[in-house]
>>> print(open('model_34.txt').read())   # compact mmCIF, C-alpha atoms
# COMPACT_ATOMS: atom_id res chain seq x y z
CA MET A 1 0.00 0.00 0.00
CA SER A 2 1.49 3.36 -1.08
CA TYR A 3 -0.44 5.55 1.36
CA GLU A 4 -0.97 6.17 5.06
CA ILE A 5 -3.97 7.86 6.67
CA PHE A 6 -4.37 9.24 10.18
CA ASN A 7 -7.35 10.27 12.32
CA ASP A 8 -5.82 13.44 13.76
CA ASP A 9 -5.96 17.22 13.82
CA CYS A 10 -3.75 18.24 10.90
CA LEU A 11 -2.17 21.07 12.92
CA HIS A 12 -1.08 18.63 15.61
CA TRP A 13 0.18 16.17 13.00
CA LEU A 14 2.13 18.81 11.07
CA LYS A 15 3.86 19.99 14.23
CA LYS A 16 5.25 16.48 14.70
CA CYS A 17 6.09 15.92 11.02
CA GLU A 18 9.72 15.98 9.91
CA THR A 19 10.96 19.19 8.27
CA ASN A 20 11.39 19.06 4.46
CA SER A 21 9.72 15.65 4.14
CA ILE A 22 6.68 16.34 1.92
CA HIS A 23 6.81 17.08 -1.82
CA ALA A 24 3.31 18.44 -2.52
CA ILE A 25 0.01 19.27 -0.83
CA VAL A 26 -3.34 18.85 -2.58
CA THR A 27 -6.26 19.63 -0.31
CA ASP A 28 -9.85 20.85 -0.06
CA PRO A 29 -10.45 22.50 3.32
CA PRO A 30 -14.06 22.83 4.51
CA TYR A 31 -15.79 25.67 2.65
CA GLY A 32 -15.96 28.62 5.02
CA PHE A 33 -15.37 26.22 7.96
CA ARG A 34 -18.72 27.22 9.50
CA GLU A 35 -20.51 24.53 7.52
CA PHE A 36 -18.64 21.76 9.30
CA GLN A 37 -19.18 22.91 12.85
CA SER A 38 -21.09 20.28 14.81
CA ARG A 39 -24.28 22.32 15.18
CA GLU A 40 -24.48 22.92 11.41
CA LEU A 41 -23.81 19.28 10.59
CA LYS A 42 -26.61 18.34 13.01
CA LYS A 43 -29.01 20.61 11.11
CA MET A 44 -27.93 18.99 7.84
CA VAL A 45 -28.63 15.49 9.18
CA GLU A 46 -32.01 16.57 10.55
CA GLY A 47 -32.91 18.22 7.25
CA SER A 48 -33.56 21.60 8.84
CA GLY A 49 -31.01 23.32 6.66
CA GLY A 50 -29.29 26.15 8.47
CA ILE A 51 -26.17 26.94 6.46
CA TRP A 52 -26.72 23.72 4.52
CA ARG A 53 -29.15 23.98 1.61
CA ILE A 54 -31.52 21.03 1.49
CA PRO A 55 -32.49 20.77 -2.21
CA PRO A 56 -36.12 19.94 -3.05
CA LYS A 57 -37.03 16.49 -4.30
CA ILE A 58 -37.26 16.27 -8.09
CA GLY A 59 -39.16 13.37 -9.60
CA GLY A 60 -38.98 11.53 -6.30
CA TYR A 61 -35.16 11.77 -6.25
CA GLU A 62 -33.71 13.29 -3.10
CA ARG A 63 -30.54 15.26 -3.86
CA ARG A 64 -27.62 15.66 -1.47
CA PRO A 65 -27.37 18.68 0.85
CA LEU A 66 -24.91 21.37 -0.25
CA PRO A 67 -23.19 24.11 1.75
CA ARG A 68 -24.53 27.57 0.92
CA PHE A 69 -22.36 30.48 -0.03
CA THR A 70 -22.54 32.26 3.31
CA VAL A 71 -22.15 35.87 4.33
CA LEU A 72 -19.28 35.81 6.78
CA THR A 73 -18.79 38.34 9.55
CA LYS A 74 -15.46 40.11 9.99
CA ASP A 75 -14.69 37.87 12.96
CA GLU A 76 -15.34 34.78 10.85
CA ARG A 77 -13.16 36.08 8.01
CA ASP A 78 -10.41 36.86 10.52
CA PHE A 79 -10.76 33.34 11.92
CA ILE A 80 -10.33 31.84 8.45
CA GLU A 81 -7.19 33.90 7.78
CA GLU A 82 -5.70 33.09 11.19
CA TYR A 83 -6.42 29.38 10.82
CA ILE A 84 -5.07 29.16 7.27
CA TYR A 85 -1.99 31.15 8.29
CA GLU A 86 -1.27 28.74 11.15
CA PHE A 87 -1.77 25.80 8.79
CA ALA A 88 0.37 27.34 6.04
CA LYS A 89 3.28 28.07 8.40
CA LEU A 90 3.33 24.41 9.40
CA ALA A 91 2.93 23.32 5.77
CA TYR A 92 5.89 25.52 4.84
CA LYS A 93 8.00 23.70 7.43
CA VAL A 94 7.25 20.18 6.19
CA LEU A 95 7.40 20.90 2.44
CA VAL A 96 10.70 20.72 0.59
CA PRO A 97 11.83 23.82 -1.36
CA GLY A 98 9.94 24.17 -4.64
CA ALA A 99 7.00 22.06 -3.47
CA HIS A 100 3.57 23.08 -4.77
CA MET A 101 0.40 23.38 -2.74
CA PHE A 102 -3.06 23.21 -4.34
CA ILE A 103 -5.85 24.56 -2.10
CA ALA A 104 -9.53 24.48 -3.04
CA THR A 105 -11.57 27.47 -1.97
CA ASN A 106 -14.60 29.47 -3.07
CA GLN A 107 -15.07 32.88 -4.63
CA LEU A 108 -15.98 34.57 -1.34
CA VAL A 109 -12.96 33.61 0.76
CA ALA A 110 -10.24 33.07 -1.89
CA HIS A 111 -8.65 36.43 -1.03
CA ASN A 112 -8.55 35.57 2.67
CA VAL A 113 -6.86 32.25 1.96
CA THR A 114 -4.39 33.89 -0.45
CA ASN A 115 -3.41 36.58 2.05
CA ALA A 116 -2.79 34.03 4.78
CA VAL A 117 -0.70 31.67 2.64
CA LEU A 118 1.43 34.50 1.22
CA ASP A 119 2.05 35.82 4.73
CA ALA A 120 3.29 32.35 5.66
CA GLY A 121 6.07 32.65 3.05
CA PHE A 122 4.69 30.96 -0.06
CA GLU A 123 4.68 32.32 -3.63
CA ILE A 124 1.43 32.36 -5.56
CA ARG A 125 1.74 30.53 -8.88
CA GLY A 126 -1.77 30.92 -10.27
CA ILE A 127 -5.40 29.89 -9.93
CA ILE A 128 -6.70 26.63 -11.33
CA VAL A 129 -10.21 27.20 -12.68
CA ARG A 130 -12.34 24.09 -12.38
CA ILE A 131 -15.26 24.67 -14.76
CA VAL A 132 -18.13 22.69 -13.31
CA LYS A 133 -21.90 22.85 -13.06
CA THR A 134 -22.79 23.14 -9.38
CA LEU A 135 -25.88 23.83 -7.31
CA ARG A 136 -24.12 26.56 -5.30
CA GLY A 137 -25.46 30.08 -5.57
CA GLY A 138 -28.39 31.32 -7.61
CA PHE A 139 -30.71 30.98 -4.62
CA ARG A 140 -33.88 32.99 -4.14
CA PRO A 141 -33.99 34.97 -0.87
CA LYS A 142 -34.30 32.54 2.05
CA ASN A 143 -37.82 32.29 3.50
CA ALA A 144 -39.12 34.66 0.79
CA GLU A 145 -38.63 32.53 -2.31
CA LYS A 146 -42.16 33.00 -3.65
CA GLU A 147 -42.32 36.72 -2.87
CA PHE A 148 -39.08 37.40 -4.76
CA LYS A 149 -39.14 34.54 -7.25
CA ASN A 150 -37.34 36.60 -9.93
CA CYS A 151 -34.35 37.39 -7.71
CA CYS A 152 -31.20 35.51 -6.80
CA THR A 153 -28.93 36.48 -3.93
CA ILE A 154 -25.70 35.54 -5.66
CA PRO A 155 -24.65 34.21 -9.10
CA ARG A 156 -25.01 30.49 -9.78
CA SER A 157 -21.46 29.22 -9.61
CA GLN A 158 -20.09 27.69 -12.81
CA TRP A 159 -16.50 27.39 -11.65
CA GLU A 160 -14.44 26.51 -8.60
CA PRO A 161 -11.09 28.14 -7.75
CA TRP A 162 -8.09 26.09 -6.69
CA LEU A 163 -5.26 28.33 -5.51
CA LEU A 164 -1.75 27.26 -6.49
CA PHE A 165 1.22 28.16 -4.29
CA ARG A 166 4.87 27.15 -4.19
CA LYS A 167 7.47 27.14 -1.45
CA PRO A 168 10.38 29.29 -2.76
CA LEU A 169 13.05 27.49 -4.74
CA GLU A 170 16.52 26.73 -3.58
CA GLY A 171 18.49 27.87 -6.62
CA THR A 172 17.11 27.46 -10.14
CA VAL A 173 14.18 25.27 -11.14
CA ALA A 174 16.59 22.76 -12.70
CA LYS A 175 18.75 22.60 -9.55
CA ASN A 176 15.63 22.23 -7.42
CA LEU A 177 14.33 19.40 -9.61
CA ARG A 178 17.64 17.56 -9.33
CA LYS A 179 17.92 17.95 -5.57
CA PHE A 180 14.32 17.84 -4.30
CA LYS A 181 12.31 16.50 -7.29
CA THR A 182 10.15 19.66 -7.08
CA GLY A 183 9.87 23.16 -8.49
CA ALA A 184 7.81 22.50 -11.62
CA LEU A 185 4.54 20.85 -12.63
CA ARG A 186 4.26 17.58 -14.49
CA ARG A 187 2.98 17.58 -18.06
CA TYR A 188 0.10 15.31 -19.07
CA PRO A 189 1.05 11.84 -20.37
CA ASP A 190 0.58 13.04 -23.98
CA GLY A 191 3.09 15.89 -23.48
CA ARG A 192 0.63 18.78 -23.11
CA PRO A 193 1.51 21.25 -20.34
CA PHE A 194 -0.65 21.29 -17.23
CA GLN A 195 -3.37 23.89 -17.79
CA ASP A 196 -5.07 26.33 -15.44
CA VAL A 197 -8.58 25.89 -16.86
CA ILE A 198 -9.97 22.39 -16.41
CA ILE A 199 -13.39 21.31 -17.66
CA SER A 200 -14.74 18.99 -14.99
CA GLU A 201 -17.77 16.81 -14.53
CA ARG A 202 -19.69 16.86 -11.28
CA THR A 203 -18.82 13.94 -9.02
CA PRO A 204 -20.52 10.85 -10.52
CA GLN A 205 -23.21 9.16 -8.47
CA GLY A 206 -21.15 5.97 -8.43
CA GLU A 207 -18.31 7.75 -6.62
CA HIS A 208 -20.74 9.32 -4.17
CA ASN A 209 -22.12 5.86 -3.44
CA ILE A 210 -18.61 4.73 -2.56
CA ALA A 211 -17.77 7.84 -0.51
CA PRO A 212 -20.87 9.81 0.60
CA HIS A 213 -19.03 12.97 1.65
CA PRO A 214 -20.79 16.32 1.00
CA THR A 215 -17.90 17.89 -0.95
CA LEU A 216 -16.36 14.83 -2.65
CA LYS A 217 -14.44 15.75 -5.81
CA PRO A 218 -14.42 13.47 -8.89
CA GLN A 219 -11.47 11.24 -9.65
CA SER A 220 -11.37 12.55 -13.22
CA PHE A 221 -10.46 15.98 -11.81
CA MET A 222 -8.38 15.02 -8.78
CA ARG A 223 -6.05 12.81 -10.82
CA LYS A 224 -5.13 15.82 -12.98
CA LEU A 225 -4.08 17.89 -9.96
CA VAL A 226 -2.31 15.05 -8.22
CA TRP A 227 -0.45 14.04 -11.39
CA ALA A 228 0.77 17.61 -11.92
CA SER A 229 1.89 18.11 -8.33
CA LEU A 230 4.94 15.79 -8.59
CA PRO A 231 6.91 16.92 -11.67
CA LEU A 232 9.08 13.81 -11.80
CA GLY A 233 6.44 11.44 -10.42
CA GLU A 234 8.48 11.00 -7.24
CA GLY A 235 7.89 12.07 -3.65
CA ILE A 236 5.06 12.19 -1.11
CA ILE A 237 1.73 14.04 -1.44
CA LEU A 238 -0.09 15.22 1.68
CA ASP A 239 -3.79 15.95 2.08
CA PRO A 240 -4.24 17.48 5.56
CA PHE A 241 -8.05 17.79 5.14
CA MET A 242 -8.59 14.33 3.69
CA GLY A 243 -12.36 13.96 4.03
CA ALA A 244 -13.37 10.73 2.31
CA GLY A 245 -9.97 10.38 0.65
CA SER A 246 -10.38 11.53 -2.97
CA THR A 247 -6.84 12.99 -3.10
CA ILE A 248 -5.32 9.86 -1.58
CA ALA A 249 -7.31 7.65 -3.95
CA ALA A 250 -6.08 9.68 -6.93
CA ALA A 251 -2.48 9.39 -5.76
CA ASN A 252 -2.87 5.65 -5.22
CA ALA A 253 -4.34 5.21 -8.71
CA LEU A 254 -1.36 7.04 -10.21
CA GLY A 255 1.22 5.09 -8.22
CA TYR A 256 2.21 8.06 -6.02
CA LYS A 257 2.95 7.85 -2.31
CA SER A 258 0.60 9.89 -0.13
CA ILE A 259 -0.49 10.72 3.41
CA GLY A 260 -3.99 11.77 4.48
CA ILE A 261 -5.08 13.44 7.72
CA GLU A 262 -8.73 13.65 8.80
CA ILE A 263 -9.92 15.02 12.13
CA LYS A 264 -13.48 13.66 11.94
CA LYS A 265 -13.63 9.98 12.94
CA GLU A 266 -16.65 9.29 10.72
CA TYR A 267 -14.90 10.51 7.57
CA TYR A 268 -11.64 8.78 8.51
CA GLU A 269 -13.47 5.45 8.77
CA LEU A 270 -15.22 6.20 5.48
CA ALA A 271 -11.89 6.93 3.80
CA LYS A 272 -10.41 3.62 4.92
CA VAL A 273 -13.07 1.80 2.93
CA ALA A 274 -13.47 4.29 0.07
CA ILE A 275 -9.85 4.91 -0.96
CA PRO A 276 -9.12 1.48 -2.50
CA LYS A 277 -12.51 1.51 -4.27
CA LEU A 278 -12.09 5.03 -5.67
CA SER A 279 -8.53 4.35 -6.76
CA SER A 280 -9.63 1.23 -8.67
CA ILE A 281 -11.98 3.25 -10.91
CA LYS A 282 -10.78 3.14 -14.53
CA ILE A 283 -11.07 6.52 -16.26
CA ASN A 284 -9.28 8.40 -19.05
CA TRP A 285 -8.54 11.32 -16.77
CA TRP A 286 -6.10 13.06 -19.15
CA ASN A 287 -7.69 12.26 -22.54
CA ILE A 288 -9.37 15.42 -23.88
CA ASN A 289 -11.80 13.30 -25.93
CA SER A 290 -13.27 11.52 -22.90
CA SER A 291 -16.78 12.42 -21.72
CA ASN A 292 -15.62 14.12 -18.51
CA HIS A 293 -14.03 16.88 -20.64
CA HIS A 294 -17.19 17.84 -22.55
CA LEU A 295 -18.78 21.23 -21.86
CA SER A 296 -22.18 19.75 -22.66
CA LYS A 297 -21.85 17.54 -19.57
CA CYS A 298 -20.25 20.07 -17.26
CA LEU A 299 -22.12 23.36 -17.70
CA ASP A 300 -25.59 24.87 -17.66
CA ALA A 301 -27.67 25.28 -20.80
CA ASP A 302 -26.80 28.94 -21.44
CA ILE A 303 -23.05 28.19 -21.38
CA ARG A 304 -23.56 25.12 -23.59
CA SER A 305 -25.39 27.30 -26.11
CA LEU A 306 -22.50 29.78 -26.14
CA ASN A 307 -20.02 26.96 -26.74
CA PHE A 308 -22.18 25.68 -29.61
CA LEU A 309 -22.25 29.10 -31.28
CA VAL A 310 -18.50 29.56 -30.95
CA THR A 311 -17.86 26.07 -32.31
CA LYS A 312 -20.28 26.60 -35.19
CA LYS A 313 -18.74 29.95 -36.10
CA SER A 314 -15.18 28.61 -36.03
CA SER A 315 -16.16 25.61 -38.17
CA ARG A 316 -17.36 27.99 -40.89
CA GLY A 317 -13.91 29.55 -40.94
>>> encode(input="model_34.txt", output="structure tokens")
Amino acid sequence: MSYEIFNDDCLHWLKKCETNSIHAIVTDPPYGFREFQSRELKKMVEGSGGIWRIPPKIGGYERRPLPRFTVLTKDERDFIEEYIYEFAKLAYKVLVPGAHMFIATNQLVAHNVTNAVLDAGFEIRGIIVRIVKTLRGGFRPKNAEKEFKNCCTIPRSQWEPWLLFRKPLEGTVAKNLRKFKTGALRRYPDGRPFQDVIISERTPQGEHNIAPHPTLKPQSFMRKLVWASLPLGEGIILDPFMGAGSTIAAANALGYKSIGIEIKKEYYELAKVAIPKLSSIKINWWNINSSNHHLSKCLDADIRSLNFLVTKKSSRG
């Protein structure tokens, strides 16, 4: 087995971890953090909502709860920055020079996360845009949906930001690659460079059945990030907010070594069972002709129409 997982607080674990021992971090912290406080999770389980949006049944099918985009107070934003800063300082310690860190976020707190990670000493290297049809945003005003049926409180999200950071190099990129196996990003198997706009499917129902975590990411997407994170295909990937283990499963499928940390016992136990099943899924994660790369599967109707018009126009020359 090429991975290890731990039921622990990632801050405690990172404090004990050896300096300069990790070669990449790929992680998806809880959105806004408020959603995963015990009282909010209790509301989700009871179906009373709170911060969690309980979608209506459609055709008898009950959809999964989703965290709302929330309006955060200044104290909550400060908490996010302080927490991410503490995490990033510890991540900086354990990562080797030139190591990359991919962090999922959302449009409302991306700047807070960026500020904290930069203050911890990292360089920002870009934003990975995951183009995906989601159910986040676009809501009518809560408890007044019928009264203001033609209003939405925030745009319907059609993309998800993943912030890309790097621990500063020791020397040139080439010297860093020779010494630490880090400093660059790995090209796709067909030679194309890693790209910062990725068309992604929503997580397939089959993967949700294996790992019923509320923010599970699809293997077709996670394998792209994980593949890119180790430029020479060597080293150890860490996911300090493991959840149900999608990062670890992606690393295992690609033959990479990895470590996952999950504070919640329920999700840790879920990951133990889910990781080998998710990693055994056979998909063409890098092939641009596979179905998980098609805009028609990944976006809403208005965006699909735009893509059709652009394609039609270009085909006419």
>>> closest_atom_pairs(input="model_34.txt", of="stretch 206-235 of chain A", to="stretch 94-113 of chain A", cutoff="10 Å", atoms="only C-alpha atoms", output="Markdown table")
| residue | atom | partner | partner_atom | distance |
| --- | --- | --- | --- | --- |
| A:Leu225 | CA | A:Phe102 | CA | 7.8 |
| A:Val226 | CA | A:Phe102 | CA | 9.1 |
| A:Ala228 | CA | A:His100 | CA | 9.4 |
| A:Ser229 | CA | A:His100 | CA | 6.3 |
| A:Leu230 | CA | A:His100 | CA | 8.3 |
| A:Pro231 | CA | A:Ala99 | CA | 9.7 |
>>> residues_around(input="model_34.txt", residues="A:Lys264", least_positions_apart="2", cutoff="12 Å", atoms="all atoms listed in the file", output="NGL selection string")
:A and (6-10 or 30 or 36-38 or 41 or 213 or 240-244 or 261-262 or 266-271)
>>> atom_distance(input="model_34.txt", atom1="atom CA of A:Glu234", atom2="atom CA of A:Leu254")
11.0 Å
>>> closest_residue(input="model_34.txt", among="A:Ala116, A:Ile80, A:Leu164, A:Val26", to="A:Gly245", atoms="all atoms listed in the file")
A:Val26
>>> closest_residue(input="model_34.txt", among="A:Val197, A:Val132, A:Leu278, A:Leu11", to="A:Ile84", atoms="all atoms listed in the file")
A:Leu11
>>> atom_distance(input="model_34.txt", atom1="atom CA of A:Ser157", atom2="atom CA of A:Ser200")
13.4 Å
>>> axis_aligned_box(input="model_34.txt", around="stretch 208-221 of chain A", padding_each_side="3 Å", output="lines of an AutoDock Vina configuration file")
center_x = -16.3
center_y = 11.3
center_z = -5.8
size_x = 17.7
size_y = 19.2
size_z = 20.9
>>> atom_distance(input="model_34.txt", atom1="atom CA of A:Lys133", atom2="atom CA of A:Asn209")
19.5 Å
>>> residues_near_point(input="model_34.txt", point="(-8.8, 5.6, -16.6)", cutoff="10 Å", atoms="all atoms listed in the file", output="list in words")
Gln219, Ser220, Arg223, Ala253, Leu254, Ser279, Ser280, Ile281, Lys282, Ile283, Asn284, Trp285, Trp286, Asn287 and Ser290 of chain A
>>> closest_residue(input="model_34.txt", among="A:His23, A:Lys149, A:His12, A:Lys175", to="A:Leu90", atoms="only C-alpha atoms")
A:His12
